[in-house]
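Asks: Structure file coords.txt (compact mmCIF, C-alpha atoms) right here:
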# COMPACT_ATOMS: atom_id res chain seq x y z
CA MET A 203 -7.66 -38.31 14.25
CA ALA A 204 -10.20 -37.14 11.72
CA ARG A 205 -9.64 -34.21 9.42
CA ALA A 206 -11.95 -31.19 9.71
CA ALA A 207 -15.49 -31.53 8.33
CA ILE A 208 -16.03 -30.66 4.67
CA PRO A 209 -18.94 -28.45 3.57
CA GLY A 210 -20.55 -28.68 0.14
CA ARG A 211 -18.54 -28.68 -3.05
CA LEU A 212 -18.45 -25.71 -5.39
CA THR A 213 -19.65 -27.30 -8.60
CA TRP A 214 -19.03 -26.05 -12.13
CA GLN A 215 -22.11 -24.58 -13.74
CA LEU A 216 -22.99 -22.88 -17.01
CA GLY A 217 -23.84 -19.20 -16.72
CA ARG A 218 -25.69 -17.65 -19.64
CA VAL A 219 -24.25 -14.40 -20.95
CA VAL A 220 -27.01 -11.81 -20.84
CA GLU A 221 -25.05 -8.74 -21.83
CA LEU A 222 -21.55 -7.50 -22.54
CA VAL A 223 -20.65 -3.97 -21.50
CA ASP A 224 -17.65 -2.07 -22.87
CA GLU A 225 -16.14 -0.38 -19.82
CA THR A 226 -12.88 0.87 -21.32
CA PRO A 227 -10.91 -0.03 -24.48
CA ARG A 228 -9.34 -2.92 -22.51
CA CYS A 229 -12.08 -3.96 -20.09
CA LYS A 230 -15.46 -5.54 -20.58
CA SER A 231 -18.12 -6.49 -18.08
CA LEU A 232 -19.87 -9.82 -18.52
CA VAL A 233 -23.42 -9.91 -17.19
CA LEU A 234 -24.29 -13.53 -16.40
CA GLU A 235 -27.18 -15.62 -15.21
CA PRO A 236 -25.84 -18.68 -13.42
CA PRO A 237 -28.55 -21.29 -12.86
CA ASP A 238 -27.58 -22.11 -9.28
CA TRP A 239 -26.08 -19.13 -7.49
CA ARG A 240 -25.99 -19.48 -3.73
CA GLY A 241 -25.17 -15.81 -3.22
CA HIS A 242 -21.87 -14.14 -2.50
CA ARG A 243 -20.24 -11.46 -0.40
CA ALA A 244 -18.75 -8.29 -1.84
CA GLY A 245 -15.09 -8.92 -2.62
CA GLN A 246 -15.31 -12.59 -3.57
CA HIS A 247 -14.33 -14.05 -6.94
CA VAL A 248 -15.26 -16.86 -9.30
CA ASP A 249 -13.26 -19.30 -11.35
CA VAL A 250 -13.95 -19.38 -15.10
CA ARG A 251 -13.02 -22.41 -17.20
CA LEU A 252 -12.65 -22.56 -20.97
CA THR A 253 -12.44 -25.85 -22.83
CA ALA A 254 -10.95 -26.09 -26.31
CA GLU A 255 -12.23 -28.51 -28.94
CA ASP A 256 -9.31 -30.84 -28.22
CA GLY A 257 -10.26 -30.94 -24.53
CA TYR A 258 -7.56 -28.56 -23.30
CA GLN A 259 -8.83 -26.51 -20.40
CA ALA A 260 -7.72 -23.18 -18.95
CA GLU A 261 -8.99 -21.69 -15.69
CA ARG A 262 -8.67 -18.19 -14.28
CA SER A 263 -10.14 -16.32 -11.34
CA TYR A 264 -12.11 -13.08 -11.76
CA SER A 265 -13.41 -10.74 -9.09
CA ILE A 266 -17.16 -10.32 -8.85
CA ALA A 267 -18.26 -6.77 -9.70
CA SER A 268 -21.91 -7.15 -8.72
CA ALA A 269 -23.28 -6.75 -5.21
CA PRO A 270 -24.94 -9.59 -3.30
CA GLU A 271 -28.27 -7.77 -3.79
CA ASP A 272 -27.97 -7.65 -7.59
CA GLU A 273 -30.02 -10.08 -9.62
CA GLN A 274 -27.32 -10.84 -12.14
CA LEU A 275 -23.72 -11.80 -11.69
CA VAL A 276 -21.26 -9.33 -13.20
CA LEU A 277 -17.57 -10.00 -13.87
CA THR A 278 -15.26 -7.38 -15.32
CA VAL A 279 -12.38 -8.71 -17.38
CA GLU A 280 -9.26 -6.85 -18.47
CA ARG A 281 -7.87 -8.03 -21.79
CA LEU A 282 -4.28 -9.23 -21.38
CA GLU A 283 -2.48 -9.22 -24.73
CA ASP A 284 -0.87 -12.63 -24.33
CA GLY A 285 -3.61 -14.00 -22.07
CA GLU A 286 -4.99 -17.48 -22.55
CA VAL A 287 -8.48 -16.72 -21.25
CA SER A 288 -9.16 -12.97 -21.18
CA PRO A 289 -8.98 -12.32 -24.98
CA TYR A 290 -11.65 -14.96 -25.50
CA LEU A 291 -13.88 -13.38 -22.86
CA THR A 292 -13.48 -9.83 -24.17
CA ASP A 293 -13.40 -10.53 -27.94
CA GLN A 294 -15.23 -13.77 -28.71
CA LEU A 295 -17.98 -14.15 -26.13
CA ARG A 296 -21.49 -13.12 -27.28
CA PRO A 297 -24.84 -12.68 -25.52
CA GLY A 298 -26.57 -16.05 -25.32
CA ASP A 299 -23.31 -17.97 -24.97
CA GLU A 300 -22.78 -20.07 -21.90
CA LEU A 301 -19.71 -19.77 -19.71
CA GLU A 302 -18.46 -22.41 -17.31
CA LEU A 303 -17.86 -21.02 -13.84
CA ARG A 304 -17.86 -21.87 -10.17
CA GLY A 305 -17.93 -19.82 -7.01
CA PRO A 306 -18.13 -17.75 -4.95
CA ILE A 307 -14.57 -18.17 -3.76
CA GLY A 308 -12.55 -16.44 -1.06
CA GLY A 309 -13.76 -15.48 2.39
CA TYR A 310 -11.17 -12.93 3.53
CA PHE A 311 -11.05 -10.02 1.10
CA VAL A 312 -14.74 -9.34 1.70
CA TRP A 313 -16.68 -6.51 3.25
CA GLU A 314 -20.07 -6.70 4.92
CA SER A 315 -21.80 -3.84 6.69
CA SER A 316 -21.44 -5.66 10.03
CA GLN A 317 -17.68 -5.13 9.77
CA GLY A 318 -18.20 -1.38 9.97
CA GLY A 319 -15.60 1.16 8.97
CA PRO A 320 -14.58 3.74 8.10
CA LEU A 321 -14.30 1.74 4.88
CA LEU A 322 -11.27 2.72 2.80
CA MET A 323 -10.74 1.06 -0.57
CA ILE A 324 -7.59 1.67 -2.60
CA ALA A 325 -7.47 0.37 -6.16
CA GLY A 326 -4.82 0.22 -8.85
CA GLY A 327 -6.15 -0.33 -12.38
CA SER A 328 -8.54 -3.26 -12.75
CA GLY A 329 -8.06 -3.90 -9.02
CA VAL A 330 -11.12 -1.68 -8.68
CA VAL A 331 -13.51 -4.51 -9.64
CA PRO A 332 -14.23 -5.90 -6.13
CA PHE A 333 -14.79 -2.33 -4.91
CA ARG A 334 -17.69 -1.90 -7.33
CA ALA A 335 -19.31 -4.80 -5.46
CA MET A 336 -18.47 -3.31 -2.06
CA LEU A 337 -19.73 0.17 -2.98
CA ARG A 338 -22.97 -1.19 -4.43
CA ASP A 339 -23.46 -3.23 -1.27
CA TRP A 340 -22.67 -0.17 0.82
CA GLY A 341 -25.13 1.93 -1.22
CA ALA A 342 -27.86 -0.65 -0.72
CA GLY A 343 -27.60 -0.64 3.04
CA ALA A 344 -25.06 0.56 5.54
CA ARG A 345 -24.63 4.14 4.45
CA GLU A 346 -23.97 5.33 7.99
CA VAL A 347 -20.52 3.75 7.58
CA PRO A 348 -18.21 6.31 5.90
CA ALA A 349 -16.90 4.86 2.62
CA ARG A 350 -14.06 6.18 0.51
CA LEU A 351 -12.47 4.89 -2.67
CA LEU A 352 -9.07 6.02 -3.89
CA TYR A 353 -8.66 4.75 -7.43
CA SER A 354 -5.41 5.02 -9.36
CA SER A 355 -5.63 4.79 -13.13
CA ARG A 356 -3.16 5.51 -15.91
CA THR A 357 -5.50 7.78 -17.87
CA LEU A 358 -9.09 8.93 -17.65
CA GLU A 359 -9.89 6.64 -20.59
CA ASP A 360 -8.76 3.65 -18.48
CA VAL A 361 -11.13 4.43 -15.60
CA ILE A 362 -13.70 1.66 -15.20
CA TYR A 363 -17.24 2.31 -13.88
CA ARG A 364 -17.21 6.13 -14.14
CA ASN A 365 -21.00 6.44 -14.25
CA GLU A 366 -21.42 3.86 -11.54
CA PHE A 367 -19.10 5.76 -9.22
CA GLU A 368 -20.89 9.03 -9.91
CA ARG A 369 -24.07 7.37 -8.68
CA VAL A 370 -22.52 6.03 -5.46
CA ALA A 371 -20.94 9.44 -4.89
CA GLU A 372 -24.44 10.93 -5.00
CA LYS A 373 -25.35 8.51 -2.21
CA GLY A 374 -22.52 9.88 -0.09
CA ALA A 375 -19.50 7.74 -0.89
CA ASP A 376 -16.28 9.66 -1.40
CA VAL A 377 -14.70 8.58 -4.69
CA GLN A 378 -11.30 10.08 -5.49
CA LEU A 379 -9.37 9.43 -8.66
CA THR A 380 -5.69 9.83 -9.32
CA LEU A 381 -4.32 9.67 -12.85
CA THR A 382 -0.71 8.59 -13.20
CA ARG A 383 0.21 8.95 -16.90
CA GLN A 384 -1.83 11.78 -18.37
CA TRP A 385 -4.79 13.90 -17.45
CA PRO A 386 -7.11 16.39 -19.15
CA ALA A 387 -6.11 20.06 -18.94
CA ASP A 388 -9.04 20.80 -16.65
CA TRP A 389 -8.51 17.70 -14.45
CA ARG A 390 -9.49 18.44 -10.87
CA GLY A 391 -8.66 15.07 -9.34
CA HIS A 392 -5.30 13.90 -8.05
CA ARG A 393 -2.26 13.46 -10.27
CA GLY A 394 0.51 10.92 -9.87
CA ARG A 395 0.96 7.68 -8.01
CA VAL A 396 -0.56 6.77 -4.67
CA ASP A 397 2.30 7.71 -2.35
CA ARG A 398 2.78 8.70 1.26
CA ASP A 399 1.65 12.29 0.70
CA LEU A 400 -1.51 11.35 -1.16
CA LEU A 401 -2.36 8.75 1.47
CA ALA A 402 -1.86 11.30 4.24
CA GLU A 403 -4.34 13.54 2.42
CA VAL A 404 -6.92 10.90 1.53
CA ALA A 405 -6.78 8.10 4.12
CA TRP A 406 -8.39 8.59 7.51
CA PRO A 407 -5.75 9.03 10.22
CA PRO A 408 -4.63 5.82 11.95
CA HIS A 409 -6.42 6.70 15.22
CA GLN A 410 -9.75 6.46 13.38
CA ARG A 411 -8.83 2.86 12.57
CA PRO A 412 -10.17 2.65 9.00
CA LEU A 413 -10.75 -0.84 7.64
CA ILE A 414 -8.55 -0.80 4.55
CA TYR A 415 -8.80 -2.89 1.40
CA ILE A 416 -6.10 -2.64 -1.28
CA CYS A 417 -6.37 -4.36 -4.65
CA GLY A 418 -4.16 -4.04 -7.71
CA PRO A 419 -0.90 -5.16 -9.26
CA THR A 420 1.69 -6.54 -6.84
CA ALA A 421 4.02 -3.52 -6.89
CA PHE A 422 1.09 -1.14 -6.29
CA VAL A 423 -0.25 -3.16 -3.35
CA GLU A 424 3.21 -3.59 -1.81
CA ALA A 425 3.93 0.14 -1.99
CA VAL A 426 0.55 1.27 -0.66
CA ALA A 427 0.39 -1.29 2.16
CA GLU A 428 3.92 -0.47 3.25
CA ALA A 429 3.24 3.29 3.26
CA LEU A 430 0.10 2.77 5.35
CA VAL A 431 1.90 0.58 7.89
CA GLU A 432 4.70 3.16 8.14
CA ALA A 433 2.08 5.88 8.70
CA GLY A 434 0.85 3.93 11.71
CA HIS A 435 -2.11 1.92 10.42
CA GLU A 436 -2.50 -1.50 12.03
CA PRO A 437 -1.41 -4.30 9.67
CA GLY A 438 -4.37 -6.34 10.95
CA ARG A 439 -6.80 -3.70 9.57
CA ILE A 440 -5.28 -3.87 6.06
CA LYS A 441 -6.50 -6.54 3.64
CA THR A 442 -4.79 -7.01 0.31
CA GLU A 443 -5.51 -8.72 -2.97
CA ARG A 444 -2.67 -8.77 -5.49
CA PHE A 445 -2.22 -9.90 -9.03
CA GLY A 446 1.03 -10.28 -10.88
CA PRO A 447 1.77 -9.44 -14.51
CA THR A 448 0.26 -12.78 -15.47
CA GLY A 449 -3.03 -11.86 -13.82
CA THR A 450 -5.00 -14.08 -11.48
CA MET B 165 1.97 -30.17 -14.39
CA PRO B 166 -1.12 -30.60 -12.20
CA PRO B 167 -4.54 -30.12 -13.86
CA GLY B 168 -5.87 -26.58 -14.36
CA GLN B 169 -2.46 -24.93 -13.94
CA TYR B 170 -0.45 -22.79 -16.36
CA ILE B 171 3.27 -22.06 -16.37
CA THR B 172 4.52 -18.60 -15.51
CA PRO B 173 8.10 -17.36 -15.85
CA ASP B 174 7.30 -14.69 -13.24
CA PHE B 175 7.05 -15.15 -9.51
CA PRO B 176 3.63 -13.73 -8.60
CA VAL B 177 3.01 -12.53 -5.05
CA LEU B 178 -0.18 -13.32 -3.17
CA SER B 179 -0.75 -12.51 0.48
CA ALA B 180 -3.68 -11.42 2.58
CA GLY B 181 -2.10 -8.36 4.17
CA PRO B 182 0.94 -6.11 4.27
CA THR B 183 4.35 -7.74 3.96
CA PRO B 184 6.00 -8.07 7.40
CA HIS B 185 9.64 -7.00 7.66
CA THR B 186 11.10 -8.89 10.60
CA PRO B 187 14.85 -8.25 10.95
CA VAL B 188 16.87 -11.44 11.43
CA GLN B 189 18.16 -10.10 14.78
CA ALA B 190 14.57 -10.29 16.07
CA TRP B 191 13.76 -13.55 14.29
CA SER B 192 13.49 -16.95 15.94
CA PHE B 193 11.95 -20.26 14.98
CA THR B 194 10.01 -22.32 17.50
CA LEU B 195 8.92 -25.94 17.42
CA GLY B 196 6.21 -26.25 20.08
CA GLY B 197 2.77 -27.54 20.95
CA ALA B 198 2.38 -31.27 21.63
CA VAL B 199 6.11 -31.95 22.12
CA ASP B 200 8.12 -33.13 25.12
CA GLU B 201 10.04 -29.84 25.27
CA PRO B 202 9.62 -26.84 22.92
CA VAL B 203 12.75 -25.84 20.99
CA SER B 204 13.70 -22.42 19.65
CA TRP B 205 16.48 -21.35 17.33
CA THR B 206 17.81 -17.85 16.78
CA TRP B 207 18.62 -16.83 13.21
CA GLU B 208 22.32 -17.57 13.73
CA GLU B 209 21.53 -20.99 15.19
CA PHE B 210 19.02 -21.74 12.46
CA ILE B 211 21.27 -21.02 9.50
CA ALA B 212 24.02 -23.08 11.22
CA LEU B 213 21.77 -26.17 10.98
CA PRO B 214 22.52 -28.60 8.14
CA ALA B 215 21.11 -27.04 4.97
CA GLU B 216 19.77 -28.63 1.81
CA THR B 217 19.31 -27.16 -1.65
CA VAL B 218 16.34 -28.50 -3.60
CA THR B 219 14.89 -27.80 -7.04
CA VAL B 220 11.14 -28.23 -7.17
CA ASP B 221 8.01 -27.17 -9.05
CA ILE B 222 5.55 -24.96 -7.18
CA ASN B 223 1.81 -24.77 -7.81
CA CYS B 224 -0.36 -21.88 -6.64
CA VAL B 225 -4.09 -22.41 -6.13
CA THR B 226 -4.68 -19.28 -8.25
CA LYS B 227 -3.57 -21.45 -11.22
CA TRP B 228 0.03 -20.46 -11.86
CA SER B 229 2.84 -22.98 -11.64
CA LYS B 230 6.53 -22.25 -11.67
CA LEU B 231 8.85 -25.05 -12.71
CA GLY B 232 12.35 -25.77 -11.45
CA THR B 233 12.58 -23.33 -8.55
CA THR B 234 15.68 -23.68 -6.37
CA TRP B 235 15.58 -23.18 -2.62
CA THR B 236 18.02 -23.58 0.27
CA GLY B 237 16.93 -24.23 3.81
CA VAL B 238 16.60 -26.70 6.63
CA SER B 239 14.69 -29.93 6.17
CA VAL B 240 11.73 -30.17 8.56
CA ASP B 241 13.07 -33.67 9.38
CA THR B 242 16.13 -32.01 10.90
CA LEU B 243 13.92 -29.79 13.06
CA LEU B 244 11.65 -32.64 14.15
CA ASP B 245 14.72 -34.62 15.27
CA ALA B 246 14.98 -32.12 18.12
CA VAL B 247 11.67 -33.12 19.74
CA GLN B 248 9.62 -36.12 20.80
CA THR B 249 5.97 -36.06 19.77
CA GLU B 250 2.85 -38.15 19.38
CA ALA B 251 1.16 -35.41 17.35
CA GLU B 252 -0.28 -36.18 13.90
CA TYR B 253 -0.82 -32.62 12.64
CA LEU B 254 0.84 -29.25 12.79
CA THR B 255 0.00 -25.59 12.42
CA ALA B 256 2.65 -23.44 10.79
CA TRP B 257 2.41 -19.86 12.07
CA SER B 258 3.90 -16.69 10.67
CA ASP B 259 4.48 -13.02 11.22
CA GLY B 260 1.33 -11.23 10.12
CA ASP B 261 -0.86 -13.78 11.98
CA TYR B 262 -0.97 -16.25 9.10
CA THR B 263 -1.46 -19.93 9.86
CA THR B 264 -1.79 -23.10 7.80
CA ASN B 265 -2.37 -26.71 8.85
CA LEU B 266 -0.73 -29.88 7.60
CA PRO B 267 -0.62 -33.55 8.52
CA LEU B 268 2.76 -34.25 10.11
CA ASP B 269 3.37 -37.02 7.57
CA ASP B 270 3.35 -34.36 4.84
CA VAL B 271 6.40 -32.60 6.24
CA ARG B 272 8.40 -35.74 7.04
CA ASP B 273 10.81 -37.85 4.97
CA GLY B 274 12.25 -35.09 2.79
CA LYS B 275 8.95 -33.49 1.79
CA ALA B 276 9.28 -30.07 3.46
CA TRP B 277 11.83 -27.40 4.31
CA VAL B 278 12.10 -24.05 6.04
CA ALA B 279 13.76 -22.14 3.20
CA TYR B 280 15.76 -18.93 3.57
CA GLU B 281 17.35 -18.69 0.13
CA TYR B 282 15.77 -18.57 -3.32
CA ASP B 283 18.04 -19.08 -6.32
CA GLY B 284 21.08 -18.71 -4.09
CA GLU B 285 20.03 -15.31 -2.74
CA PRO B 286 18.43 -14.36 0.59
CA LEU B 287 14.67 -14.79 0.31
CA GLU B 288 12.96 -11.43 -0.42
CA PRO B 289 10.34 -10.27 2.12
CA GLU B 290 7.57 -10.24 -0.50
CA HIS B 291 8.24 -13.91 -1.21
CA GLY B 292 8.28 -14.82 2.48
CA GLY B 293 11.72 -13.86 3.76
CA PRO B 294 13.56 -14.11 6.06
CA ALA B 295 12.24 -17.70 5.86
CA ARG B 296 9.22 -19.55 4.56
CA LEU B 297 7.92 -23.07 4.76
CA LEU B 298 8.35 -25.02 1.52
CA VAL B 299 5.97 -27.95 0.95
CA PRO B 300 6.09 -28.28 -2.83
CA HIS B 301 3.77 -31.30 -3.17
CA LEU B 302 0.80 -29.24 -1.92
CA TYR B 303 -0.70 -25.97 -3.20
CA PHE B 304 1.64 -23.14 -2.36
CA TRP B 305 -0.51 -21.48 0.32
CA LYS B 306 0.61 -24.40 2.54
CA SER B 307 4.17 -23.10 2.12
CA ALA B 308 3.64 -20.38 4.73
CA LYS B 309 5.57 -17.16 4.12
CA TRP B 310 7.34 -15.43 7.03
CA VAL B 311 7.13 -18.65 9.04
CA ARG B 312 8.20 -18.40 12.67
CA GLY B 313 7.26 -21.76 14.05
CA LEU B 314 5.47 -25.07 13.87
CA THR B 315 2.93 -25.96 16.55
CA LEU B 316 2.36 -29.71 16.68
CA THR B 317 -1.23 -30.72 17.39
CA PRO B 318 -3.03 -34.01 18.12
CA ASP B 319 -6.00 -32.86 15.99
CA ASP B 320 -6.27 -31.13 12.65
CA GLU B 321 -6.95 -27.42 13.15
CA PRO B 322 -7.79 -25.52 9.93
CA GLY B 323 -5.60 -22.46 9.35
CA PHE B 324 -6.18 -19.10 7.68
CA TRP B 325 -7.16 -19.96 4.10
CA GLU B 326 -8.54 -23.30 5.25
CA THR B 327 -11.21 -21.40 7.24
CA HIS B 328 -11.80 -18.96 4.36
CA GLY B 329 -13.12 -21.41 1.79
CA TYR B 330 -9.98 -23.19 0.62
CA HIS B 331 -9.38 -26.92 0.78
CA ASN B 332 -8.14 -28.38 4.02
CA TYR B 333 -5.42 -30.51 2.43
CA GLY B 334 -4.67 -28.93 -0.99
CA ASP B 335 -3.31 -31.66 -3.27
CA PRO B 336 -2.76 -30.01 -6.67
CA TRP B 337 -2.83 -33.34 -8.51
CA LEU B 338 -6.38 -33.89 -7.22
CA GLU B 339 -7.25 -30.18 -7.79
CA GLN B 340 -8.21 -29.77 -4.15
CA ARG B 341 -8.55 -26.00 -4.43
CA TYR B 342 -11.65 -25.21 -2.44
CA GLN B 343 -13.69 -26.72 0.36
CA GLY B 344 -15.37 -29.88 -0.83
CA ASP B 345 -13.13 -30.44 -3.90
Go ahead and render the structure in this file as structure tokens.
Replies:
Amino acid sequence: MARAAIPGRLTWQLGRVVELVDETPRCKSLVLEPPDWRGHRAGQHVDVRLTAEDGYQAERSYSIASAPEDEQLVLTVERLEDGEVSPYLTDQLRPGDELELRGPIGGYFVWESSQGGPLLMIAGGSGVVPFRAMLRDWGAGAREVPARLLYSSRTLEDVIYRNEFERVAEKGADVQLTLTRQWPADWRGHRGRVDRDLLAEVAWPPHQRPLIYICGPTAFVEAVAEALVEAGHEPGRIKTERFGPTGT
Amino acid sequence: MPPGQYITPDFPVLSAGPTPHTPVQAWSFTLGGAVDEPVSWTWEEFIALPAETVTVDINCVTKWSKLGTTWTGVSVDTLLDAVQTEAEYLTAWSDGDYTTNLPLDDVRDGKAWVAYEYDGEPLEPEHGGPARLLVPHLYFWKSAKWVRGLTLTPDDEPGFWETHGYHNYGDPWLEQRYQGD
């Protein structure tokens, strides 16, 4: 018996770096122009490949931060101290350089307006990157779907996309921050980790059947997903994307 | 190590949804589909089957590899001995509605196990416990976590990641990560 049919291959291509944006002391956004981009859905990622002079290659996956409607492809990269790829991307890369990439990849952790809502996104740290894409996509179209982002960050300084989120909030998205390590004296957002109590306050109740996306470090995603299931949310309405201490 | 991979000392977790927590009292394992007679084992029956301990390298499609991991479980050969079949493929299915497809030849002759111990300890839920499929020669998404059964099929039926852009077969040595690779 034959194996299932195979659609087209995702080929490696060189994307030109148009701009580099400092998001936080540890995170940078890379604005790219890939020559042959077939379009993507909010939530998908790309693979990036670096090749050393001796031919050694290293590949990593990065979430796409730009919406399908955006003209340029944006990746946001967190610098990992002992990383093999991220320090090059955040420290060495310059506008005009070319970066080898292929994508889009992943067809599950995606949101399109046809999937409806209420759309609840819960991010830990740099796990917020795919939600920038989803919120931009939401802002460009399906704003009748209620959208809410709960974003957990260590400090205010570590919050990525602050201006961006202020703009989507003006369009009607509900963006709520919680700071876990320290907060300004006049901080009016949430304090502490995303736990059962905070979820009860922020998440829609289970009977409203929110479509829930959780992205962040493994321990964060495990804890949040488990608390939501215990609160009565259907496991089938919860999509997760996790990355370990080594990153993905 | 297969091309494009890097070694990690950690054991990263990747799954599409919340971690299921099926107690072993409610657990069973079923071999069904295109077989003469489906067979099911309770947890007690399953762990009484002849067990093997293997040390293998595992390769995740997200680029990490972990070398020399040690697992204990039941060889899929032992399970297949319990049925007659003409099938050439199988779908492994799990709690949490996960599925993955494999050619039957890829789980025969000492190539695959249903593992319930990692490093001599019961397998943690976040790593697939109570039991997961272990098919170390393919990318690790083929090693279905929380596995509850194998459904034998005459035709190849793409599973969860296989219908979401990932390669249908997933040979790490050929870097078959995504559709068309």
Asks: Please find the residues of chain B near chain A - the criterion being any atom within 10 Å, counting all atoms listed in the file - and write them as a CSV table (one decimal) with C-alpha atoms, keeping the file's coordinate frame.
Replies:
chain,number,residue,atom,x,y,z
B,167,PRO,CA,-4.5,-30.1,-13.9
B,168,GLY,CA,-5.9,-26.6,-14.4
B,169,GLN,CA,-2.5,-24.9,-13.9
B,170,TYR,CA,-0.4,-22.8,-16.4
B,171,ILE,CA,3.3,-22.1,-16.4
B,172,THR,CA,4.5,-18.6,-15.5
B,173,PRO,CA,8.1,-17.4,-15.8
B,174,ASP,CA,7.3,-14.7,-13.2
B,175,PHE,CA,7.0,-15.2,-9.5
B,176,PRO,CA,3.6,-13.7,-8.6
B,177,VAL,CA,3.0,-12.5,-5.0
B,178,LEU,CA,-0.2,-13.3,-3.2
B,179,SER,CA,-0.8,-12.5,0.5
B,180,ALA,CA,-3.7,-11.4,2.6
B,181,GLY,CA,-2.1,-8.4,4.2
B,182,PRO,CA,0.9,-6.1,4.3
B,183,THR,CA,4.4,-7.7,4.0
B,184,PRO,CA,6.0,-8.1,7.4
B,185,HIS,CA,9.6,-7.0,7.7
B,225,VAL,CA,-4.1,-22.4,-6.1
B,226,THR,CA,-4.7,-19.3,-8.2
B,227,LYS,CA,-3.6,-21.4,-11.2
B,228,TRP,CA,0.0,-20.5,-11.9
B,251,ALA,CA,1.2,-35.4,17.4
B,252,GLU,CA,-0.3,-36.2,13.9
B,253,TYR,CA,-0.8,-32.6,12.6
B,260,GLY,CA,1.3,-11.2,10.1
B,261,ASP,CA,-0.9,-13.8,12.0
B,267,PRO,CA,-0.6,-33.6,8.5
B,290,GLU,CA,7.6,-10.2,-0.5
B,318,PRO,CA,-3.0,-34.0,18.1
B,319,ASP,CA,-6.0,-32.9,16.0
B,320,ASP,CA,-6.3,-31.1,12.6
B,321,GLU,CA,-7.0,-27.4,13.2
B,322,PRO,CA,-7.8,-25.5,9.9
B,324,PHE,CA,-6.2,-19.1,7.7
B,325,TRP,CA,-7.2,-20.0,4.1
B,326,GLU,CA,-8.5,-23.3,5.2
B,327,THR,CA,-11.2,-21.4,7.2
B,328,HIS,CA,-11.8,-19.0,4.4
B,329,GLY,CA,-13.1,-21.4,1.8
B,330,TYR,CA,-10.0,-23.2,0.6
B,331,HIS,CA,-9.4,-26.9,0.8
B,332,ASN,CA,-8.1,-28.4,4.0
B,333,TYR,CA,-5.4,-30.5,2.4
B,341,ARG,CA,-8.6,-26.0,-4.4
B,342,TYR,CA,-11.6,-25.2,-2.4
B,343,GLN,CA,-13.7,-26.7,0.4
B,344,GLY,CA,-15.4,-29.9,-0.8
B,345,ASP,CA,-13.1,-30.4,-3.9
Asks: Find the spatial neighbours of Asn265 (chain B), counting all atoms listed in the file, within a cut-off of 6 Å - ignore same-chain residues fewer than 5 positions away - and output them as an mmCIF file with C-alpha atoms, keeping the file's coordinate frame.
Replies:
data_model
loop_
_atom_site.group_PDB
_atom_site.id
_atom_site.type_symbol
_atom_site.label_atom_id
_atom_site.label_comp_id
_atom_site.auth_asym_id
_atom_site.auth_seq_id
_atom_site.Cartn_x
_atom_site.Cartn_y
_atom_site.Cartn_z
ATOM 1 C CA LEU B 254 0.840 -29.250 12.790
ATOM 2 C CA THR B 255 0.000 -25.590 12.420
ATOM 3 C CA PRO B 322 -7.790 -25.520 9.930
ATOM 4 C CA GLY B 323 -5.600 -22.460 9.350
#
Asks: Between CA of Arg240 (chain A) and CA of Val220 (chain A), what is the spacing in Å?
Replies: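 So the answer is 18.8 Å.
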Asks: Record the distance separating CA of Tyr262 (chain B) and CA of Val299 (chain B), expressed in Å with one decimal.
Replies: 15.9 Å
Asks: Looking at A:Arg393, A:Arg364, A:Arg304, A:Arg296, which one is nearest to Val330 (chain A), with distances taken over all atoms listed in the file?
Replies: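 Of A:Arg393, A:Arg364, A:Arg304, A:Arg296, the one nearest Val330 (chain A) is A:Arg364, counting all atoms listed in the file.
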Asks: Within 12 Å of (-7.5, 11.2, 0.6), in the coordinates the file gives, what residues turn up when you count all atoms listed in the file, written out as a list in words?
Replies: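 Neighbouring residues, ordered by chain and number, come to Leu322, Met323, Ile324, Ala349, Arg350, Leu351, Leu352, Tyr353, Ser354, Asp376, Val377, Gln378, Leu379, Thr380, Gly391, His392, Val396, Asp397, Arg398, Asp399, Leu400, Leu401, Ala402, Glu403, Val404, Ala405, Trp406 and Pro407 of chain A.
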Asks: For Ala190 (chain B), which residue among B:Asn223, B:Pro300, B:Asp270, B:Arg312 is the nearest when counting only C-alpha atoms?
Replies: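 Using only C-alpha atoms, Ala190 (chain B) sits closest to B:Arg312.
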Asks: How many Å separate CA of Asp272 (chain A) from CA of Lys373 (chain A)?
Replies: 17.2 Å
Asks: When distances are computed from only C-alpha atoms, which of A:Pro332, A:Gly434, A:Pro412, A:Gly298 shows the smallest separation from Val233 (chain A)?
Replies: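 Between A:Pro332, A:Gly434, A:Pro412, A:Gly298, the residue approaching Val233 (chain A) most closely is A:Gly298.
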Asks: In terms of the shortest atom-to-atom distance over only C-alpha atoms, which of A:Val223, A:Ile266, A:Leu252, A:Leu413 is closest to Ile362 (chain A)?
Replies: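 Looking at the shortest contact to Ile362 (chain A), the residue is A:Val223.
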Asks: From the options A:Glu432, A:His409, A:Val361, A:Ser328, which residue's atoms come nearest to Leu282 (chain A), counting all atoms listed in the file?
Replies: A:Ser328
Asks: Please report, as a tab-separated table, each residue of region 227-258 of chain B lying at most 9 Å from region 201-207 of chain B, together with the nearest pair of atoms and the separation in Å rounded to one decimal; use all atoms listed in the file, and order rows by chain and ascending residue number.
Replies:
residue	atom	partner	partner_atom	distance
B:Leu243	CA	B:Val203	CA	8.9
B:Ala246	CA	B:Val203	CA	7.3
B:Val247	CA	B:Glu201	CA	6.6
B:Gln248	CA	B:Glu201	CA	7.7
Asks: Could you please take those selected residues and save C-alpha atoms as a PDB file, in the coordinates of the input?
Replies:
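Generated file (result05.pdb):
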ATOM      1  CA  LEU B 243      13.920 -29.790  13.060  1.00  0.00           C
ATOM      2  CA  ALA B 246      14.980 -32.120  18.120  1.00  0.00           C
ATOM      3  CA  VAL B 247      11.670 -33.120  19.740  1.00  0.00           C
ATOM      4  CA  GLN B 248       9.620 -36.120  20.800  1.00  0.00           C
TER       5      GLN B 248
END
